[in-house]
$ cat upload16.txt   # compact mmCIF, C-alpha atoms and all ligand atoms
# COMPACT_ATOMS: atom_id res chain seq x y z
CA MET C 1 -6.41 66.17 48.22
CA CYS C 2 -7.86 66.81 44.76
CA THR C 3 -6.43 69.99 43.28
CA ASN C 4 -8.09 70.07 39.87
CA GLU C 5 -10.78 68.20 37.99
CA MET C 6 -12.27 68.04 34.50
CA THR C 7 -15.08 66.15 32.84
CA MET C 8 -15.85 65.57 29.19
CA THR C 9 -18.67 63.84 27.36
CA PHE C 10 -18.59 62.82 23.71
CA LEU C 11 -20.20 60.37 21.30
CA SER C 12 -18.82 56.86 20.82
CA LYS C 13 -17.44 57.60 17.36
CA SER C 14 -13.97 56.37 16.49
CA ALA C 15 -13.00 59.81 15.19
CA ASN C 16 -13.08 60.93 18.85
CA GLU C 17 -10.35 58.51 20.02
CA GLY C 18 -7.52 60.90 19.20
CA PHE C 19 -9.42 63.88 20.59
CA ALA C 20 -10.03 62.07 23.90
CA ARG C 21 -6.44 60.95 24.48
CA TYR C 22 -5.00 64.37 23.57
CA THR C 23 -7.45 66.21 25.82
CA VAL C 24 -6.69 64.06 28.88
CA ALA C 25 -2.93 64.20 28.18
CA SER C 26 -3.13 67.96 27.85
CA PHE C 27 -4.94 68.22 31.22
CA ALA C 28 -2.36 65.86 32.80
CA SER C 29 0.50 68.06 31.60
CA GLN C 30 -0.19 70.32 34.62
CA LEU C 31 1.64 67.65 36.67
CA ASP C 32 4.75 68.10 34.51
CA PRO C 33 4.95 64.47 33.35
CA THR C 34 7.80 63.06 31.29
CA LEU C 35 7.12 62.25 27.64
CA ASP C 36 6.93 58.55 28.56
CA GLU C 37 4.37 59.23 31.30
CA LEU C 38 2.32 61.34 28.90
CA ASN C 39 2.43 58.54 26.34
CA ASP C 40 1.26 56.06 28.99
CA ILE C 41 -1.75 58.30 29.69
CA LYS C 42 -2.58 58.60 25.98
CA THR C 43 -2.36 54.83 25.58
CA ILE C 44 -4.58 54.15 28.62
CA VAL C 45 -7.26 56.59 27.42
CA SER C 46 -7.14 55.20 23.90
CA GLU C 47 -7.69 51.64 25.20
CA ALA C 48 -10.57 52.60 27.50
CA VAL C 49 -12.35 54.75 24.91
CA THR C 50 -11.94 52.13 22.18
CA ASN C 51 -13.53 49.55 24.50
CA CYS C 52 -16.58 51.79 24.93
CA ILE C 53 -16.91 52.26 21.17
CA VAL C 54 -16.30 48.63 20.18
CA HIS C 55 -17.75 46.65 23.09
CA ALA C 56 -20.11 48.83 25.15
CA TYR C 57 -22.05 50.23 22.19
CA PRO C 58 -21.46 47.64 19.44
CA ASP C 59 -24.43 48.52 17.23
CA SER C 60 -25.27 52.03 18.32
CA VAL C 61 -23.77 55.38 19.17
CA GLY C 62 -23.80 56.19 22.88
CA LYS C 63 -22.14 58.65 25.20
CA ILE C 64 -18.70 58.27 26.76
CA TYR C 65 -17.96 60.15 29.98
CA ILE C 66 -14.43 60.91 31.13
CA LYS C 67 -13.52 62.43 34.47
CA ALA C 68 -9.93 63.25 35.35
CA LYS C 69 -8.72 64.42 38.76
CA LEU C 70 -5.32 65.71 39.77
CA PHE C 71 -4.12 65.16 43.34
CA GLN C 72 -1.60 66.98 45.48
CA ASN C 73 0.69 63.93 45.61
CA ASN C 74 1.24 64.28 41.83
CA THR C 75 -1.26 61.60 40.94
CA ILE C 76 -3.89 61.57 38.22
CA GLU C 77 -7.08 59.55 38.40
CA ILE C 78 -8.89 58.94 35.11
CA SER C 79 -12.37 57.40 34.91
CA VAL C 80 -13.91 56.35 31.62
CA ARG C 81 -17.60 55.46 31.84
CA ASP C 82 -20.21 54.19 29.41
CA LYS C 83 -23.88 53.26 29.65
CA GLY C 84 -23.44 50.25 27.41
CA CYS C 85 -23.99 46.52 27.69
CA GLY C 86 -21.66 45.85 30.62
CA ILE C 87 -19.12 43.06 31.20
CA PRO C 88 -20.60 39.77 32.47
CA ASP C 89 -17.32 38.37 33.89
CA ILE C 90 -14.84 41.10 34.78
CA ASP C 91 -12.05 38.78 36.01
CA ARG C 92 -12.12 36.91 32.75
CA ALA C 93 -12.27 40.11 30.68
CA ARG C 94 -9.12 41.38 32.43
CA GLU C 95 -7.08 38.31 31.48
CA PRO C 96 -4.46 38.85 28.76
CA MET C 97 -5.68 37.76 25.29
CA PHE C 98 -9.31 37.39 26.35
CA THR C 99 -11.52 39.05 23.75
CA THR C 100 -15.09 38.86 22.57
CA GLY C 101 -14.10 40.97 19.58
CA ASP C 102 -13.17 40.03 16.02
CA SER C 103 -9.70 39.56 14.52
CA GLU C 104 -9.10 43.31 14.75
CA ARG C 105 -8.94 42.98 18.56
CA SER C 106 -6.14 41.30 20.47
CA GLY C 107 -7.56 41.10 23.99
CA MET C 108 -4.72 43.20 25.38
CA GLY C 109 -6.50 46.46 26.30
CA PHE C 110 -7.01 45.78 30.01
CA THR C 111 -3.52 44.26 30.33
CA ILE C 112 -2.04 47.43 28.83
CA MET C 113 -4.17 49.77 30.99
CA GLU C 114 -3.14 47.84 34.09
CA SER C 115 0.57 47.70 33.32
CA PHE C 116 0.81 51.33 32.12
CA SER C 117 -0.83 52.65 35.34
CA ASP C 118 -0.35 52.12 39.08
CA LYS C 119 -3.85 50.87 39.76
CA MET C 120 -6.89 49.91 37.70
CA ARG C 121 -10.47 49.32 38.91
CA VAL C 122 -13.27 47.99 36.74
CA LYS C 123 -16.92 48.26 37.77
CA SER C 124 -19.61 46.91 35.52
CA ASN C 125 -23.23 45.84 35.44
CA SER C 126 -25.92 45.60 32.78
CA LYS C 127 -26.28 49.39 32.84
CA GLY C 128 -22.68 50.14 31.93
CA THR C 129 -19.00 50.05 32.78
CA THR C 130 -16.57 52.34 34.56
CA VAL C 131 -12.82 51.87 34.30
CA THR C 132 -10.73 53.92 36.71
CA VAL C 133 -6.96 54.14 36.57
CA ILE C 134 -4.58 55.90 38.90
CA LYS C 135 -1.18 56.98 37.70
CA ARG C 136 1.54 58.57 39.72
CA ILE C 137 3.63 61.20 37.93
CA SER C 138 7.25 61.41 39.04
CA MET C 139 8.19 64.55 41.00
CA ARG C 140 11.15 66.24 39.37
CA VAL C 141 13.18 68.60 41.48
CA GLY C 142 13.89 71.80 39.59
CA GLY C 143 11.64 70.91 36.68
CA ARG C 144 12.20 69.10 33.44
CA SER C 145 15.59 70.64 32.55
CA LEU C 146 17.38 68.74 35.35
CA VAL C 147 16.10 65.32 34.39
CA MET N 1 -2.29 57.35 8.89
CA ARG N 2 -0.19 56.96 5.74
CA ILE N 3 1.11 53.71 4.32
CA ILE N 4 3.99 53.66 1.87
CA SER N 5 5.42 50.50 0.34
CA THR N 6 8.65 50.02 -1.55
CA LYS N 7 10.09 46.85 -3.00
CA ASP N 8 13.66 45.95 -3.77
CA ALA N 9 15.09 42.62 -4.94
CA ASN N 10 13.61 40.44 -2.22
CA VAL N 11 12.16 42.64 0.52
CA LEU N 12 8.85 44.45 0.55
CA SER N 13 9.09 47.36 2.94
CA ILE N 14 5.88 48.84 4.33
CA SER N 15 6.16 52.11 6.26
CA LEU N 16 3.43 53.34 8.57
CA GLU N 17 3.21 57.04 9.37
CA GLY N 18 0.91 58.83 11.80
CA GLU N 19 -1.33 57.44 14.54
CA LEU N 20 -2.47 53.84 14.63
CA ASP N 21 -5.60 53.37 16.74
CA HIS N 22 -8.95 51.65 16.29
CA HIS N 23 -10.08 54.55 14.07
CA SER N 24 -7.26 54.10 11.56
CA ALA N 25 -6.55 50.36 11.97
CA LYS N 26 -9.31 48.95 9.78
CA GLY N 27 -8.13 50.88 6.72
CA ALA N 28 -4.48 50.12 7.48
CA ILE N 29 -5.06 46.38 7.87
CA SER N 30 -6.88 46.09 4.56
CA GLN N 31 -4.41 48.32 2.74
CA ILE N 32 -1.51 46.15 3.93
CA ALA N 33 -3.43 42.98 3.01
CA ASN N 34 -3.94 44.40 -0.50
CA ILE N 35 -0.28 45.23 -0.94
CA ILE N 36 0.72 41.72 0.16
CA GLU N 37 -1.89 40.17 -2.13
CA ILE N 38 -0.45 41.99 -5.14
CA GLU N 39 3.25 41.57 -4.36
CA LEU N 40 3.24 38.10 -2.76
CA PRO N 41 6.62 38.90 -1.14
CA LEU N 42 8.90 36.41 0.60
CA ASN N 43 10.23 38.99 3.05
CA VAL N 44 8.30 41.88 4.54
CA THR N 45 9.58 44.66 6.78
CA LEU N 46 7.12 46.82 8.69
CA ASN N 47 8.89 50.12 9.27
CA LEU N 48 7.24 51.95 12.18
CA LYS N 49 9.66 54.87 12.36
CA GLY N 50 6.97 57.41 11.52
CA LEU N 51 4.37 56.05 13.94
CA SER N 52 3.67 58.78 16.48
CA PHE N 53 1.12 56.71 18.42
CA MET N 54 -0.01 53.10 18.58
CA ASP N 55 -2.44 51.27 20.88
CA SER N 56 -3.56 47.63 21.00
CA SER N 57 -5.04 48.01 17.51
CA GLY N 58 -1.42 47.86 16.34
CA ILE N 59 -0.99 44.44 17.97
CA ALA N 60 -3.89 43.11 15.90
CA LEU N 61 -2.47 44.70 12.74
CA VAL N 62 0.92 43.05 13.27
CA LEU N 63 -0.61 39.65 14.05
CA HIS N 64 -2.95 39.90 11.08
CA THR N 65 -0.04 40.61 8.74
CA TRP N 66 2.14 37.91 10.32
CA ARG N 67 -0.57 35.24 9.95
CA ARG N 68 -1.22 36.18 6.33
CA LEU N 69 2.50 35.92 5.54
CA ASN N 70 2.73 32.59 7.38
CA ASP N 71 0.17 31.22 4.93
CA PHE N 72 2.79 31.24 2.20
CA SER N 73 5.90 30.92 4.41
CA ALA N 74 6.98 34.53 3.99
CA LYS N 75 8.96 36.25 6.74
CA LEU N 76 8.08 39.36 8.72
CA LYS N 77 10.34 41.84 10.54
CA ILE N 78 9.33 44.94 12.46
CA GLU N 79 11.82 47.81 12.44
CA ASN N 80 12.37 51.23 14.04
CA VAL N 81 9.61 50.96 16.63
CA PRO N 82 9.35 54.19 18.70
CA THR N 83 9.40 53.83 22.52
CA GLN N 84 5.64 54.20 23.02
CA GLY N 85 4.74 51.63 20.38
CA TYR N 86 7.44 49.25 21.56
CA LYS N 87 5.97 49.24 25.06
CA VAL N 88 2.59 48.25 23.59
CA LEU N 89 4.02 45.49 21.37
CA ASN N 90 6.14 44.24 24.25
CA ALA N 91 3.08 43.93 26.53
CA ALA N 92 1.72 41.42 24.03
CA GLY N 93 5.03 39.54 23.69
CA ILE N 94 5.36 40.45 19.99
CA PRO N 95 9.18 40.83 20.05
CA ARG N 96 9.44 37.17 21.17
CA LEU N 97 7.35 36.10 18.18
CA ILE N 98 8.54 38.40 15.42
CA PRO N 99 12.04 39.96 15.08
CA THR N 100 11.53 43.54 16.30
CA THR N 101 14.00 46.41 16.55
CA ARG N 102 13.54 49.73 18.32
CA LEU N 103 14.04 53.21 16.95
CA HIS N 104 17.28 54.78 18.21
N1 LIG Y 201 -16.63 49.10 28.14
C1 LIG Y 201 -16.90 47.80 27.92
N2 LIG Y 201 -18.17 47.36 27.79
C2 LIG Y 201 -18.44 46.06 27.56
N3 LIG Y 201 -17.48 45.10 27.44
C3 LIG Y 201 -16.20 45.46 27.58
C4 LIG Y 201 -15.84 46.82 27.82
N4 LIG Y 201 -14.48 46.87 27.92
C5 LIG Y 201 -14.03 45.63 27.75
N5 LIG Y 201 -15.05 44.76 27.54
C6 LIG Y 201 -14.93 43.28 27.38
O1 LIG Y 201 -13.67 42.88 27.88
C7 LIG Y 201 -12.91 42.20 26.84
C8 LIG Y 201 -11.44 42.49 27.02
O2 LIG Y 201 -11.16 43.86 26.80
P1 LIG Y 201 -9.68 44.28 26.33
O3 LIG Y 201 -9.65 45.75 26.10
O4 LIG Y 201 -8.70 43.71 27.28
O5 LIG Y 201 -9.50 43.49 24.96
P2 LIG Y 201 -10.21 43.77 23.54
O6 LIG Y 201 -10.84 45.11 23.54
O7 LIG Y 201 -11.08 42.60 23.22
O8 LIG Y 201 -8.96 43.77 22.53
P3 LIG Y 201 -7.90 44.98 22.37
O9 LIG Y 201 -8.10 45.94 23.51
O10 LIG Y 201 -6.57 44.32 22.43
O11 LIG Y 201 -8.18 45.58 21.06
C9 LIG Y 201 -13.52 42.69 25.55
O12 LIG Y 201 -13.32 41.78 24.49
C10 LIG Y 201 -14.99 42.83 25.93
O13 LIG Y 201 -15.64 41.57 25.92
MG MG Y 202 -9.81 46.79 24.18
$ encode --input "upload16.txt" --output "structure tokens"
Amino acid sequence: MCTNEMTMTFLSKSANEGFARYTVASFASQLDPTLDELNDIKTIVSEAVTNCIVHAYPDSVGKIYIKAKLFQNNTIEISVRDKGCGIPDIDRAREPMFTTGDSERSGMGFTIMESFSDKMRVKSNSKGTTVTVIKRISMRVGGRSLV
Amino acid sequence: MRIISTKDANVLSISLEGELDHHSAKGAISQIANIIEIELPLNVTLNLKGLSFMDSSGIALVLHTWRRLNDFSAKLKIENVPTQGYKVLNAAGIPRLIPTTRLH
């Protein structure tokens, strides 16, 4: 059961990358994550948002939509959506080191999002792309002081 | 993102401080390239102790620097990598390619 939800929309400007990852991490902190789990969330959001800025809207400024949901089983679901150019071959795009970018890209974004989360789904067509990740936050009996 | 370089007898040390993401990477990559161009060092250490966040843009920065140094047979080491950044570099197999130590 979903216990809380937030949405945010912002322009695909690189100055918003830090803002986006801190906002989602701050929302996720309601699940009492460890510092490592919080860092995983920041990294995932940074990868997904950068992809929208660099790949989805390469020569223009578009909108990026993030939805985050918290679930009763201490899970967070984060969706990052754009209305950009889409990914022609998703399986190929998800392979480590595959990139259509320049030398400032390493082709590791999807690999990182997948390995830092419990599940990643990518949906894409010529109207845009949605990346959804699910991450389970460890339950800590008695709160953070006991861990 | 702040970049500070110091040079002793045979090692050029470049320290990165702050957050390394796509927004800050372009400037950081060219700043590091400039420093290397001027100093033409034989040994370079990237000190990441002050890096509070790094995403895959950091992988590209490291590889960029490593390739440039390879051009004139100079050596690269990465030191004091915080846990979050190490996890990112490790996902790309960087520690198997370039000597990398973690921050304790
Ligand atoms: N939102 C998107 N819209 C369009 N294409 C995308 C999108 N996200 C990813 N892609 C495509 O998938 C490829 C792989 O993405 P991935 O994030 O794994 O690597 P990268 O962005 O190229 O490099 P890195 O993330 O390491 O900087 C991209 O090069 C691009 O072709
Ligand atoms: Mg990417």
$ interface_residues --input "upload16.txt" --of "chain N" --to "chain C" --cutoff "12 Å" --atoms "only C-alpha atoms" --output "PyMOL selection string"
chain N and resi 18-30+52-65+67+82-94
$ residues_near_point --input "upload16.txt" --point "(-15.8, 66.5, 29.7)" --cutoff "8 Å" --atoms "all atoms listed in the file" --output "number ranges by chain"
C: 6-10, 65-67
$ atom_distance --input "upload16.txt" --atom1 "atom N4 of ligand LIG 201 (chain Y)" --atom2 "atom CA of C:Ser29"
26.2 Å
$ axis_aligned_box --input "upload16.txt" --around "ligand LIG 201 (chain Y)" --padding-each-side "5 Å" --output "lines of an AutoDock Vina configuration file"
center_x = -12.5
center_y = 45.3
center_z = 24.6
size_x = 21.9
size_y = 17.5
size_z = 17.1
$ closest_residue --input "upload16.txt" --among "C:Leu11, C:Leu70, C:Met113, C:Ala56" --to "C:Ile87" --atoms "only C-alpha atoms"
C:Ala56
$ atom_distance --input "upload16.txt" --atom1 "atom CA of N:Arg96" --atom2 "atom O12 of ligand LIG 201 (chain Y)"
23.5 Å
$ atom_distance --input "upload16.txt" --atom1 "atom CA of N:Pro99" --atom2 "atom CA of N:Ile78"
6.2 Å
$ closest_residue --input "upload16.txt" --among "C:Asp82, C:Glu77, C:Glu5, C:Glu114" --to "ligand LIG 201 (chain Y)" --atoms "all atoms listed in the file"
C:Asp82
$ closest_residue --input "upload16.txt" --among "C:His55, C:Arg21, C:Arg92, C:Arg121" --to "ligand MG 202 (chain Y)" --atoms "all atoms listed in the file"
C:His55
